[in-house]
>>> print(open('coords00.cif').read())   # mmCIF, C-alpha atoms
data_data
#
loop_
_atom_site.label_atom_id
_atom_site.label_comp_id
_atom_site.auth_asym_id
_atom_site.auth_seq_id
_atom_site.Cartn_x
_atom_site.Cartn_y
_atom_site.Cartn_z
CA MET A 1 -26.71 -11.60 -16.96
CA GLY A 2 -27.39 -11.23 -13.25
CA PHE A 3 -26.04 -13.33 -10.45
CA ASP A 4 -26.16 -17.17 -10.42
CA LEU A 5 -26.06 -18.20 -6.77
CA ALA A 6 -25.66 -21.95 -7.44
CA PHE A 7 -22.66 -21.27 -9.69
CA PHE A 8 -21.26 -18.97 -7.01
CA TRP A 9 -21.38 -21.74 -4.36
CA SER A 10 -19.89 -24.31 -6.73
CA LEU A 11 -16.86 -22.04 -7.20
CA LEU A 12 -16.01 -21.64 -3.55
CA PRO A 13 -13.97 -24.84 -2.97
CA ASP A 14 -11.57 -24.16 -5.86
CA ILE A 15 -11.23 -20.50 -5.06
CA PHE A 16 -10.61 -21.35 -1.42
CA ARG A 17 -7.85 -23.75 -2.52
CA GLY A 18 -6.39 -20.92 -4.60
CA SER A 19 -6.49 -18.68 -1.56
CA LEU A 20 -4.19 -21.12 0.26
CA THR A 21 -1.54 -20.30 -2.35
CA THR A 22 -2.22 -16.63 -1.59
CA LEU A 23 -1.62 -17.20 2.11
CA PHE A 24 1.48 -19.32 1.43
CA ALA A 25 2.99 -16.69 -0.86
CA ALA A 26 2.14 -13.95 1.63
CA ALA A 27 3.71 -15.88 4.56
CA VAL A 28 6.94 -16.73 2.72
CA GLY A 29 7.05 -13.26 1.18
CA ALA A 30 6.62 -11.66 4.61
CA THR A 31 9.47 -13.72 6.07
CA GLY A 32 11.67 -12.83 3.11
CA ALA A 33 10.73 -9.15 3.39
CA ILE A 34 11.65 -9.03 7.09
CA LEU A 35 15.02 -10.67 6.45
CA PHE A 36 15.72 -8.45 3.45
CA GLY A 37 14.61 -5.39 5.40
CA LEU A 38 17.09 -6.23 8.16
CA VAL A 39 19.88 -6.58 5.58
CA LEU A 40 19.01 -3.17 4.11
CA ALA A 41 18.69 -1.52 7.53
CA PHE A 42 22.11 -2.74 8.67
CA GLY A 43 23.61 -2.23 5.20
CA ARG A 44 22.64 1.42 5.31
CA ARG A 45 24.49 1.78 8.59
CA SER A 46 27.75 0.14 7.57
CA GLY A 47 30.24 2.24 5.65
CA ARG A 48 29.81 4.72 2.83
CA ILE A 49 29.53 2.21 -0.02
CA GLY A 50 27.00 0.11 1.85
CA LYS A 51 24.99 3.23 2.56
CA LEU A 52 25.07 4.42 -1.05
CA VAL A 53 24.13 1.05 -2.52
CA CYS A 54 21.35 0.33 -0.03
CA ALA A 55 19.91 3.86 -0.18
CA THR A 56 19.81 3.95 -4.00
CA PHE A 57 18.28 0.50 -4.13
CA THR A 58 15.67 1.40 -1.49
CA GLU A 59 14.64 4.55 -3.35
CA ILE A 60 14.28 2.79 -6.71
CA ILE A 61 12.09 0.14 -5.14
CA ARG A 62 10.03 2.61 -3.13
CA LEU A 63 9.40 4.92 -6.07
CA SER A 64 8.33 2.35 -8.65
CA PRO A 65 5.20 0.20 -8.82
CA PHE A 66 5.08 -3.39 -7.66
CA LEU A 67 3.70 -4.45 -11.03
CA ALA A 68 6.71 -3.00 -12.89
CA GLN A 69 9.05 -4.79 -10.47
CA LEU A 70 7.18 -8.04 -10.95
CA TYR A 71 7.42 -7.78 -14.73
CA PHE A 72 11.07 -6.86 -14.40
CA LEU A 73 11.99 -9.94 -12.39
CA TYR A 74 9.68 -12.21 -14.34
CA PHE A 75 11.00 -11.26 -17.78
CA VAL A 76 14.57 -10.17 -17.05
CA LEU A 77 15.81 -12.91 -14.72
CA PRO A 78 15.54 -15.60 -17.44
CA VAL A 79 17.69 -13.39 -19.72
CA TRP A 80 20.35 -13.49 -17.01
CA GLY A 81 20.03 -17.26 -16.88
CA VAL A 82 17.96 -17.42 -13.69
CA VAL A 83 14.88 -19.50 -14.43
CA LEU A 84 12.39 -19.63 -11.57
CA SER A 85 8.76 -20.64 -11.33
CA ALA A 86 6.16 -17.87 -11.43
CA THR A 87 5.33 -18.45 -7.77
CA THR A 88 8.99 -18.12 -6.75
CA VAL A 89 9.40 -14.93 -8.78
CA GLY A 90 6.26 -13.59 -7.13
CA ILE A 91 7.54 -14.38 -3.64
CA VAL A 92 10.95 -12.86 -4.44
CA THR A 93 9.26 -9.68 -5.71
CA LEU A 94 7.10 -9.46 -2.57
CA SER A 95 10.23 -9.88 -0.42
CA VAL A 96 12.23 -7.26 -2.30
CA HIS A 97 9.40 -4.73 -2.56
CA PHE A 98 8.31 -4.87 1.07
CA GLY A 99 11.87 -5.43 2.28
CA ALA A 100 12.72 -1.95 0.98
CA PHE A 101 9.88 -0.41 2.98
CA LEU A 102 10.61 -2.47 6.09
CA GLY A 103 14.31 -1.56 5.87
CA GLU A 104 13.32 2.07 6.49
CA VAL A 105 11.11 1.08 9.41
CA PHE A 106 13.80 -1.10 11.00
CA GLY A 107 16.38 1.63 10.45
CA ALA A 108 14.20 4.14 12.27
CA GLY A 109 13.74 1.56 15.04
CA ILE A 110 17.47 1.09 15.44
CA ASP A 111 18.04 4.86 15.54
CA ALA A 112 15.27 5.31 18.08
CA VAL A 113 17.22 3.54 20.83
CA PRO A 114 19.23 6.28 22.58
CA ALA A 115 22.98 5.67 22.62
CA GLY A 116 22.99 6.57 26.32
CA GLN A 117 21.12 3.38 27.13
CA ILE A 118 23.82 1.24 25.57
CA GLU A 119 26.46 3.12 27.54
CA VAL A 120 24.49 2.60 30.74
CA ALA A 121 24.13 -1.11 29.98
CA LYS A 122 27.88 -1.34 29.39
CA ALA A 123 28.57 0.51 32.62
CA LEU A 124 26.32 -1.96 34.44
CA GLY A 125 28.53 -4.76 33.15
CA LEU A 126 26.25 -6.34 30.53
CA LYS A 127 27.95 -8.24 27.74
CA ARG A 128 27.46 -7.15 24.10
CA LEU A 129 25.05 -9.96 23.36
CA GLN A 130 23.09 -9.26 26.52
CA ILE A 131 22.82 -5.59 25.58
CA GLY A 132 21.42 -6.56 22.22
CA ARG A 133 19.01 -9.13 23.59
CA LEU A 134 17.84 -7.40 26.77
CA VAL A 135 18.12 -3.68 26.05
CA VAL A 136 18.12 -2.87 22.35
CA PHE A 137 16.01 -5.60 20.74
CA PRO A 138 12.88 -5.34 22.93
CA GLN A 139 12.70 -1.61 22.30
CA ILE A 140 13.20 -1.96 18.55
CA LEU A 141 10.50 -4.62 18.49
CA ARG A 142 8.03 -2.32 20.21
CA PHE A 143 8.92 0.55 17.94
CA VAL A 144 8.57 -1.35 14.67
CA ALA A 145 5.59 -3.57 15.57
CA ALA A 146 2.83 -1.24 14.38
CA PRO A 147 4.36 -0.12 11.05
CA THR A 148 5.52 -3.66 10.30
CA ALA A 149 2.01 -4.96 10.89
CA ASN A 150 0.70 -2.35 8.45
CA TYR A 151 3.14 -3.47 5.78
CA MET A 152 2.13 -7.08 6.37
CA ILE A 153 -1.45 -6.10 5.60
CA SER A 154 -0.43 -4.37 2.40
CA LEU A 155 1.75 -7.35 1.51
CA LEU A 156 -1.31 -9.59 1.70
CA LYS A 157 -3.21 -7.12 -0.45
CA THR A 158 -0.43 -7.18 -3.03
CA THR A 159 -0.46 -10.95 -3.56
CA PRO A 160 -3.27 -10.87 -6.17
CA TYR A 161 -0.76 -9.21 -8.52
CA LEU A 162 0.96 -12.58 -8.79
CA ALA A 163 -2.04 -13.71 -10.86
CA VAL A 164 -0.75 -11.42 -13.61
CA VAL A 165 2.26 -13.67 -14.22
CA GLY A 166 0.17 -16.81 -13.90
CA VAL A 167 0.40 -17.85 -10.26
CA PRO A 168 -2.70 -19.89 -9.44
CA GLU A 169 -3.64 -17.91 -6.34
CA LEU A 170 -7.02 -16.50 -5.33
CA LEU A 171 -7.47 -14.07 -8.21
CA GLY A 172 -5.71 -16.37 -10.70
CA VAL A 173 -8.12 -19.20 -9.99
CA ALA A 174 -11.07 -16.81 -10.18
CA PHE A 175 -9.91 -15.70 -13.63
CA ASP A 176 -9.42 -19.29 -14.78
CA LYS A 177 -12.99 -20.03 -13.77
CA ALA A 178 -14.18 -16.87 -15.47
CA SER A 179 -12.51 -17.64 -18.77
CA ASP A 180 -13.79 -21.24 -18.67
CA THR A 181 -17.39 -20.12 -18.36
CA PHE A 182 -17.40 -16.52 -19.63
CA ARG A 183 -19.08 -15.55 -16.38
CA TYR A 184 -17.03 -12.95 -14.56
CA VAL A 185 -19.49 -11.80 -11.92
CA GLU A 186 -19.52 -14.83 -9.63
CA PRO A 187 -15.79 -15.74 -9.60
CA LEU A 188 -14.72 -12.15 -9.04
CA THR A 189 -17.35 -11.63 -6.35
CA ALA A 190 -16.16 -14.79 -4.59
CA ALA A 191 -12.54 -13.69 -4.84
CA GLY A 192 -13.41 -10.21 -3.58
CA ILE A 193 -15.39 -11.46 -0.58
CA LEU A 194 -12.83 -14.09 0.43
CA PHE A 195 -10.09 -11.53 0.14
CA LEU A 196 -11.98 -9.00 2.22
CA VAL A 197 -12.42 -11.68 4.91
CA TYR A 198 -8.69 -12.43 4.92
CA SER A 199 -7.56 -8.84 5.05
CA ILE A 200 -10.02 -7.97 7.82
CA ALA A 201 -8.80 -11.03 9.79
CA ILE A 202 -5.14 -10.08 9.31
CA GLY A 203 -6.01 -6.48 10.15
CA ASN A 204 -7.52 -7.53 13.49
CA LEU A 205 -4.58 -9.81 14.22
CA ALA A 206 -2.23 -6.92 13.53
CA ARG A 207 -4.22 -4.67 15.87
CA LEU A 208 -3.89 -7.33 18.58
CA VAL A 209 -0.11 -7.58 18.14
CA GLU A 210 0.17 -3.80 18.13
CA ARG A 211 -1.73 -3.51 21.38
CA ARG A 212 0.51 -6.07 23.07
CA LEU A 213 3.69 -4.44 21.78
CA ARG A 214 2.80 -0.80 22.18
CA PRO A 215 5.88 1.44 22.72
CA LEU A 216 6.42 2.16 26.41
CA MET B 217 6.59 3.77 -24.38
CA LEU B 218 6.89 7.49 -23.80
CA GLN B 219 3.37 8.05 -25.14
CA GLY B 220 2.13 5.95 -22.25
CA ILE B 221 3.39 8.52 -19.77
CA GLY B 222 0.52 10.79 -20.82
CA VAL B 223 -2.03 8.12 -19.90
CA THR B 224 -0.26 7.42 -16.61
CA LEU B 225 -0.29 11.12 -15.73
CA THR B 226 -3.93 11.55 -16.78
CA VAL B 227 -5.04 8.66 -14.59
CA THR B 228 -2.88 10.04 -11.77
CA VAL B 229 -4.49 13.49 -11.97
CA CYS B 230 -8.02 12.04 -12.17
CA SER B 231 -7.33 9.77 -9.20
CA LEU B 232 -5.97 12.71 -7.23
CA ALA B 233 -9.15 14.62 -8.03
CA VAL B 234 -11.09 11.77 -6.39
CA ALA B 235 -8.68 11.00 -3.55
CA PHE B 236 -8.29 14.47 -2.03
CA PRO B 237 -12.00 15.31 -1.69
CA PHE B 238 -12.64 11.74 -0.45
CA ALA B 239 -9.97 12.06 2.24
CA LEU B 240 -11.13 15.54 3.25
CA VAL B 241 -14.84 14.76 3.45
CA PHE B 242 -14.62 11.34 5.06
CA GLY B 243 -11.76 12.28 7.37
CA LEU B 244 -13.84 15.21 8.69
CA LEU B 245 -17.01 13.12 8.93
CA GLU B 246 -15.30 10.33 10.84
CA PHE B 247 -13.80 12.91 13.16
CA ARG B 248 -17.02 14.81 13.84
CA LEU B 249 -19.80 12.23 13.77
CA THR B 250 -20.66 9.86 16.58
CA GLY B 251 -22.79 6.74 16.99
CA LEU B 252 -24.36 4.91 14.07
CA PRO B 253 -23.53 7.43 11.31
CA ARG B 254 -19.89 7.25 12.34
CA THR B 255 -19.92 3.46 12.26
CA LEU B 256 -21.38 3.57 8.75
CA ILE B 257 -18.71 6.02 7.60
CA THR B 258 -15.99 3.83 9.15
CA LEU B 259 -17.39 0.76 7.40
CA PHE B 260 -17.40 2.59 4.09
CA ILE B 261 -13.82 3.76 4.55
CA ASP B 262 -12.71 0.30 5.65
CA PHE B 263 -14.27 -1.26 2.58
CA TRP B 264 -12.03 0.85 0.37
CA ARG B 265 -9.00 0.34 2.57
CA SER B 266 -9.33 -3.40 3.07
CA SER B 267 -9.66 -4.50 -0.51
CA SER B 268 -6.87 -4.90 -2.97
CA VAL B 269 -6.90 -2.29 -5.75
CA ILE B 270 -6.35 -4.93 -8.39
CA ILE B 271 -9.39 -6.94 -7.24
CA LEU B 272 -11.57 -3.83 -7.07
CA LEU B 273 -10.48 -2.79 -10.58
CA PHE B 274 -11.34 -6.17 -12.06
CA PHE B 275 -14.54 -6.31 -10.06
CA PHE B 276 -15.92 -3.02 -11.36
CA PHE B 277 -14.53 -3.62 -14.84
CA TYR B 278 -16.14 -7.04 -15.32
CA VAL B 279 -19.10 -6.99 -12.94
CA GLY B 280 -20.43 -3.56 -13.92
CA PRO B 281 -21.36 -4.55 -17.48
CA ALA B 282 -23.20 -7.62 -16.19
CA PHE B 283 -25.60 -5.23 -14.47
CA ASN B 284 -25.70 -2.84 -17.43
CA VAL B 285 -23.35 -0.34 -15.83
CA PHE B 286 -20.89 0.66 -18.53
CA LEU B 287 -18.03 2.84 -17.36
CA SER B 288 -14.84 3.64 -19.21
CA ALA B 289 -11.60 2.13 -17.96
CA TYR B 290 -10.46 5.68 -17.16
CA THR B 291 -13.45 6.28 -14.91
CA ILE B 292 -13.08 2.95 -13.13
CA GLY B 293 -9.34 3.41 -12.70
CA ALA B 294 -9.65 6.92 -11.30
CA ALA B 295 -12.58 6.03 -9.04
CA VAL B 296 -11.06 2.87 -7.59
CA ILE B 297 -7.55 4.26 -7.11
CA GLY B 298 -8.93 7.56 -5.83
CA CYS B 299 -11.24 5.94 -3.28
CA ASN B 300 -8.58 3.46 -2.12
CA ILE B 301 -5.85 6.03 -1.56
CA GLY B 302 -8.40 8.59 -0.40
CA ALA B 303 -9.53 6.14 2.29
CA TYR B 304 -5.96 5.90 3.57
CA GLY B 305 -5.70 9.68 3.45
CA SER B 306 -8.94 10.10 5.42
CA GLN B 307 -7.40 8.09 8.27
CA ALA B 308 -4.34 10.31 8.27
CA LEU B 309 -6.50 13.44 8.39
CA ARG B 310 -8.65 12.02 11.19
CA ALA B 311 -5.57 11.10 13.23
CA ALA B 312 -4.12 14.58 12.66
CA LEU B 313 -7.39 16.22 13.76
CA GLN B 314 -7.45 14.04 16.88
CA SER B 315 -3.87 14.96 17.71
CA ILE B 316 -4.74 18.64 18.04
CA GLY B 317 -4.88 19.60 21.68
CA GLN B 318 -8.22 20.01 23.37
CA GLY B 319 -6.87 23.34 24.65
CA GLN B 320 -6.98 24.71 21.11
CA VAL B 321 -10.64 23.80 20.77
CA ASP B 322 -11.48 25.18 24.22
CA ALA B 323 -9.68 28.42 23.39
CA ALA B 324 -11.52 28.73 20.06
CA LEU B 325 -14.90 28.11 21.71
CA SER B 326 -14.22 30.53 24.54
CA LEU B 327 -13.32 33.19 21.99
CA GLY B 328 -16.85 32.84 20.70
CA LEU B 329 -16.23 30.71 17.63
CA SER B 330 -18.96 28.22 16.84
CA ARG B 331 -18.05 24.53 16.86
CA ARG B 332 -18.04 24.50 13.07
CA ARG B 333 -15.91 27.62 12.71
CA SER B 334 -13.46 26.25 15.26
CA LEU B 335 -13.15 23.15 13.13
CA LEU B 336 -12.68 25.04 9.89
CA LEU B 337 -10.54 27.93 11.13
CA VAL B 338 -8.53 26.43 13.98
CA GLU B 339 -8.34 22.65 13.79
CA LEU B 340 -8.41 21.91 10.07
CA PRO B 341 -5.57 24.25 9.04
CA GLN B 342 -3.28 22.70 11.66
CA ALA B 343 -4.30 19.17 10.70
CA LEU B 344 -3.65 19.90 7.03
CA ARG B 345 -0.13 21.03 7.85
CA LYS B 346 0.45 17.85 9.76
CA VAL B 347 -0.67 15.62 6.89
CA VAL B 348 1.59 17.23 4.28
CA PRO B 349 4.21 14.45 4.36
CA ILE B 350 1.52 11.77 4.32
CA ALA B 351 -0.28 13.45 1.42
CA GLY B 352 2.99 13.44 -0.52
CA ASN B 353 3.46 9.75 0.10
CA GLU B 354 -0.11 9.06 -0.99
CA MET B 355 0.53 11.00 -4.20
CA ILE B 356 3.51 8.77 -4.94
CA GLU B 357 1.34 5.80 -4.04
CA ILE B 358 -1.24 6.96 -6.61
CA VAL B 359 1.36 7.25 -9.38
CA LYS B 360 2.52 3.72 -8.62
CA THR B 361 -0.98 2.33 -8.36
CA THR B 362 -1.86 3.64 -11.81
CA ALA B 363 0.32 0.83 -13.21
CA ASN B 364 -2.72 -1.36 -12.47
CA VAL B 365 -4.86 0.27 -15.13
CA SER B 366 -2.69 -1.47 -17.70
CA LEU B 367 -4.54 -4.62 -16.62
CA ILE B 368 -7.96 -3.25 -17.58
CA GLY B 369 -6.85 -2.20 -21.02
CA LEU B 370 -5.49 1.32 -20.72
CA ALA B 371 -2.30 2.01 -22.67
CA ASP B 372 -0.23 3.50 -19.85
CA VAL B 373 3.57 3.18 -19.59
CA THR B 374 3.38 -0.30 -18.09
CA ALA B 375 1.06 -1.56 -20.83
CA ARG B 376 3.26 0.00 -23.51
CA ALA B 377 6.34 -1.60 -22.00
CA LYS B 378 4.62 -4.96 -22.34
CA THR B 379 3.70 -4.28 -25.96
CA ALA B 380 7.22 -3.09 -26.70
CA MET B 381 8.48 -6.33 -25.20
CA GLN B 382 6.34 -8.39 -27.53
CA VAL B 383 7.62 -6.47 -30.55
CA SER B 384 11.31 -6.54 -29.68
CA TYR B 385 12.28 -9.14 -27.14
CA GLN B 386 14.58 -6.99 -25.00
CA PRO B 387 13.18 -7.30 -21.49
CA ALA B 388 16.26 -6.04 -19.65
CA GLN B 389 16.34 -2.66 -21.42
CA ILE B 390 12.58 -2.17 -21.55
CA TYR B 391 11.83 -3.00 -17.94
CA THR B 392 14.82 -1.08 -16.60
CA ALA B 393 13.50 1.91 -18.55
CA LEU B 394 10.03 1.31 -17.09
CA LEU B 395 11.33 1.31 -13.51
CA LEU B 396 13.36 4.45 -14.18
CA ILE B 397 10.38 6.27 -15.73
CA TYR B 398 8.37 5.73 -12.55
CA VAL B 399 11.31 6.82 -10.40
CA ALA B 400 11.64 9.92 -12.60
CA ILE B 401 7.96 10.78 -12.05
CA CYS B 402 7.96 10.05 -8.31
CA LEU B 403 11.33 11.46 -7.27
CA PRO B 404 10.34 15.14 -7.81
CA ILE B 405 7.16 14.52 -5.79
CA ALA B 406 9.21 12.95 -3.00
CA LEU B 407 11.69 15.84 -2.97
CA ALA B 408 8.93 18.46 -3.11
CA THR B 409 7.17 16.75 -0.21
CA HIS B 410 10.36 16.78 1.87
CA TRP B 411 10.79 20.48 1.18
CA LEU B 412 7.15 21.35 1.83
CA ALA B 413 7.03 19.25 4.98
CA ARG B 414 9.99 21.14 6.40
CA HIS B 415 8.32 24.47 5.71
CA ALA B 416 4.81 23.53 6.76
CA ARG B 417 5.76 21.94 10.07
CA VAL B 418 3.54 23.15 12.86
CA ARG B 419 5.61 25.13 15.32
CA GLU B 420 5.06 23.37 18.61
CA ARG B 421 5.12 25.52 21.66
#
>>> encode(input="coords00.cif", output="structure tokens")
Amino acid sequence: MGFDLAFFWSLLPDIFRGSLTTLFAAAVGATGAILFGLVLAFGRRSGRIGKLVCATFTEIIRLSPFLAQLYFLYFVLPVWGVVLSATTVGIVTLSVHFGAFLGEVFGAGIDAVPAGQIEVAKALGLKRLQIGRLVVFPQILRFVAAPTANYMISLLKTTPYLAVVGVPELLGVAFDKASDTFRYVEPLTAAGILFLVYSIAIGNLARLVERRLRPL
Amino acid sequence: MLQGIGVTLTVTVCSLAVAFPFALVFGLLEFRLTGLPRTLITLFIDFWRSSSVIILLFFFFYVGPAFNVFLSAYTIGAAVIGCNIGAYGSQALRAALQSIGQGQVDAALSLGLSRRRSLLLVELPQALRKVVPIAGNEMIEIVKTTANVSLIGLADVTARAKTAMQVSYQPAQIYTALLLIYVAICLPIALATHWLARHARVRER
């Protein structure tokens, strides 16, 4: 069969358009994951029931594959009367899956700020909000920057799974092209290369952020 | 569905058999080499780390035959998952090796150990202890990643769950069971890792 270069070039525009869906899903999913992670991190630190619920939930998510979770939400939500588009289900799964991991990171970040500092800030006459904004938050941010960046990279690398439930992202478009023409080599090569470019770019961006926010 | 667990475990064990040697060899090489050879090793590791497992699986599954390379889905699954997770592991091992104090190396050399023996007898054992928790996490990661092989035609638990769904439309029960099966496989590994990590911790002085 070999490699048809002309066919390869002709595929690029469509696959690039598909990759925009990938980036969109990754961006929304990342935002959702950070918010959900914060909920879990604070939930785990508020009362016994909150702790039990959040901890059990976190462990189930962390110990089962993304694909199984995606299938779960995709097939089970409609049974419960929640009908969402494949893209929405995909973004929700990304948020839930990575939210569970980020919740642990944020939790560790919160615990890493010594209680003494808050007492000192109080003694110096700072208000509660000021303590949060000026003392606690900057330190948490520095602490969680590197691991969060790593999870963002794996989040991007997880988006191709959405193709499995029919989201027309990078890999989904590549497969559409492949089944139209019965040529798998060129679409999959294009998808692979484009994806490698994206993840290397995000990886470098993450390294930049990490360097700026290195823990003191 | 339960029959699929066998396939999942087989792929897990095969991937482990690829991942551990990969991490050990490339972690050591990246630690010891310098200059161009090191850059090449880093590029190779980064290739496996930067790509998505699902894309690599499809790539080797569909592109191989086009160039007359016919590999079984088992082989492709184990190789891709093993190299991907192994690449992550190699970084952990390299970081652990780098974290060992220069004093240890100096002491080993001044006691007359060669550079290689110092690496094998002094640095590596300490580094391996340090990576125990990471290795445990990577093992769990491998179990979870094997769900992907359902997409290239292997009848693992995930694939069987999908078939079961098509036979009897009961997604809630089937997919809850699927999630719980994975938790049941991974939880013992997580607990064992916790226990081992506590006992293997390097005593800092």
>>> resolve_selection(input="coords00.cif", expression="the PyMOL selection byres ((chain A) within 7 of (chain B))", output="PDB file with C-alpha atoms, in the frame of the given file")
ATOM      1  CA  MET A   1     -26.710 -11.600 -16.960  1.00  0.00           C
ATOM      2  CA  GLY A   2     -27.390 -11.230 -13.250  1.00  0.00           C
ATOM      3  CA  ILE A  60      14.280   2.790  -6.710  1.00  0.00           C
ATOM      4  CA  LEU A  63       9.400   4.920  -6.070  1.00  0.00           C
ATOM      5  CA  SER A  64       8.330   2.350  -8.650  1.00  0.00           C
ATOM      6  CA  PRO A  65       5.200   0.200  -8.820  1.00  0.00           C
ATOM      7  CA  LEU A  67       3.700  -4.450 -11.030  1.00  0.00           C
ATOM      8  CA  ALA A  68       6.710  -3.000 -12.890  1.00  0.00           C
ATOM      9  CA  PHE A  72      11.070  -6.860 -14.400  1.00  0.00           C
ATOM     10  CA  PHE A  75      11.000 -11.260 -17.780  1.00  0.00           C
ATOM     11  CA  VAL A  76      14.570 -10.170 -17.050  1.00  0.00           C
ATOM     12  CA  LYS A 157      -3.210  -7.120  -0.450  1.00  0.00           C
ATOM     13  CA  THR A 158      -0.430  -7.180  -3.030  1.00  0.00           C
ATOM     14  CA  TYR A 184     -17.030 -12.950 -14.560  1.00  0.00           C
ATOM     15  CA  VAL A 185     -19.490 -11.800 -11.920  1.00  0.00           C
ATOM     16  CA  LEU A 188     -14.720 -12.150  -9.040  1.00  0.00           C
ATOM     17  CA  GLY A 192     -13.410 -10.210  -3.580  1.00  0.00           C
ATOM     18  CA  LEU A 196     -11.980  -9.000   2.220  1.00  0.00           C
ATOM     19  CA  SER A 199      -7.560  -8.840   5.050  1.00  0.00           C
ATOM     20  CA  ILE A 200     -10.020  -7.970   7.820  1.00  0.00           C
TER      21      ILE A 200
END
>>> closest_residue(input="coords00.cif", among="A:Leu134, A:Ile110, A:Leu194, A:Val53", to="Ala174 of chain A", atoms="all atoms listed in the file")
A:Leu194
>>> resolve_selection(input="coords00.cif", expression="the PyMOL selection byres ((chain B and resi 300) around 8)", output="list in words")
Ala235, Trp264, Arg265, Val269, Val296, Ile297, Gly298, Cys299, Ile301, Gly302, Ala303 and Tyr304 of chain B
>>> residues_near_point(input="coords00.cif", point="(6.9, -1.9, 15.3)", cutoff="9 Å", atoms="only C-alpha atoms", output="ChimeraX atom specification")
/A:105-106,109,140-149,210,213-215
>>> residues_around(input="coords00.cif", residues="segment 243-259 of chain B", least_positions_apart="2", cutoff="6 Å", atoms="only C-alpha atoms", output="ChimeraX atom specification")
/B:239-241,261-262,306,309-310
>>> closest_residue(input="coords00.cif", among="B:Ala294, B:Ala324, B:Ala416, B:Ile368", to="Gln342 of chain B", atoms="only C-alpha atoms")
B:Ala416
>>> atom_distance(input="coords00.cif", atom1="atom CA of Asp180 of chain A", atom2="atom CA of Ala371 of chain B")
26.2 Å
>>> resolve_selection(input="coords00.cif", expression="the PyMOL selection byres ((chain A and resi 187) around 9)", output="list in words")
Phe7, Phe8, Leu11, Leu12, Ile15, Leu171, Val173, Ala174, Phe175, Asp176, Lys177, Ala178, Arg183, Tyr184, Val185, Glu186, Leu188, Thr189, Ala190, Ala191 and Gly192 of chain A
>>> atom_distance(input="coords00.cif", atom1="atom CA of Pro341 of chain B", atom2="atom CA of Ser231 of chain B")
23.4 Å
>>> closest_residue(input="coords00.cif", among="B:Ser384, B:Ser326, B:Gln320, B:Thr224", to="Glu339 of chain B", atoms="all atoms listed in the file")
B:Gln320
>>> atom_distance(input="coords00.cif", atom1="atom CA of Val223 of chain B", atom2="atom CA of Arg376 of chain B")
10.3 Å
>>> residues_around(input="coords00.cif", residues="segment 408-412 of chain B", least_positions_apart="6", cutoff="9 Å", atoms="all atoms listed in the file", output="list of chain:residue names")
B:Val348, B:Pro349, B:Ile350, B:Ala351, B:Gly352, B:Asn353
>>> closest_residue(input="coords00.cif", among="A:Gln69, A:Leu35, A:Tyr161, A:Val79", to="Ala393 of chain B", atoms="all atoms listed in the file")
A:Gln69
>>> axis_aligned_box(input="coords00.cif", around="segment 206-216 of chain A", padding_each_side="3 Å", output="JSON")
{"center_x": 1.1, "center_y": -2.7, "center_z": 20.0, "size_x": 16.6, "size_y": 15.7, "size_z": 18.9}
>>> residues_around(input="coords00.cif", residues="Ala26 of chain A", least_positions_apart="5", cutoff="7 Å", atoms="all atoms listed in the file", output="VMD selection string")
chain A and resid 155 to 156 159
>>> write_last_selection(input="coords00.cif", atoms="C-alpha atoms", output="short mmCIF file (atom, residue, chain, number, x, y, z; two decimals), in the coordinates of the input")
data_model
loop_
_atom_site.label_atom_id
_atom_site.label_comp_id
_atom_site.auth_asym_id
_atom_site.auth_seq_id
_atom_site.Cartn_x
_atom_site.Cartn_y
_atom_site.Cartn_z
CA LEU A 155 1.75 -7.35 1.51
CA LEU A 156 -1.31 -9.59 1.70
CA THR A 159 -0.46 -10.95 -3.56
#
>>> residues_around(input="coords00.cif", residues="Leu102 of chain A", least_positions_apart="2", cutoff="10 Å", atoms="only C-alpha atoms", output="number ranges by chain")
A: 33-38, 40-41, 58, 95-100, 104-108, 144, 147-148, 151-152
>>> residues_around(input="coords00.cif", residues="Val347 of chain B", least_positions_apart="6", cutoff="9 Å", atoms="all atoms listed in the file", output="list in words")
Gly305, Ala308, Leu309, Ala312 and Ala413 of chain B
>>> closest_residue(input="coords00.cif", among="A:Val39, A:Ile193, A:Leu5, A:Val136", to="Ala112 of chain A", atoms="only C-alpha atoms")
A:Val136
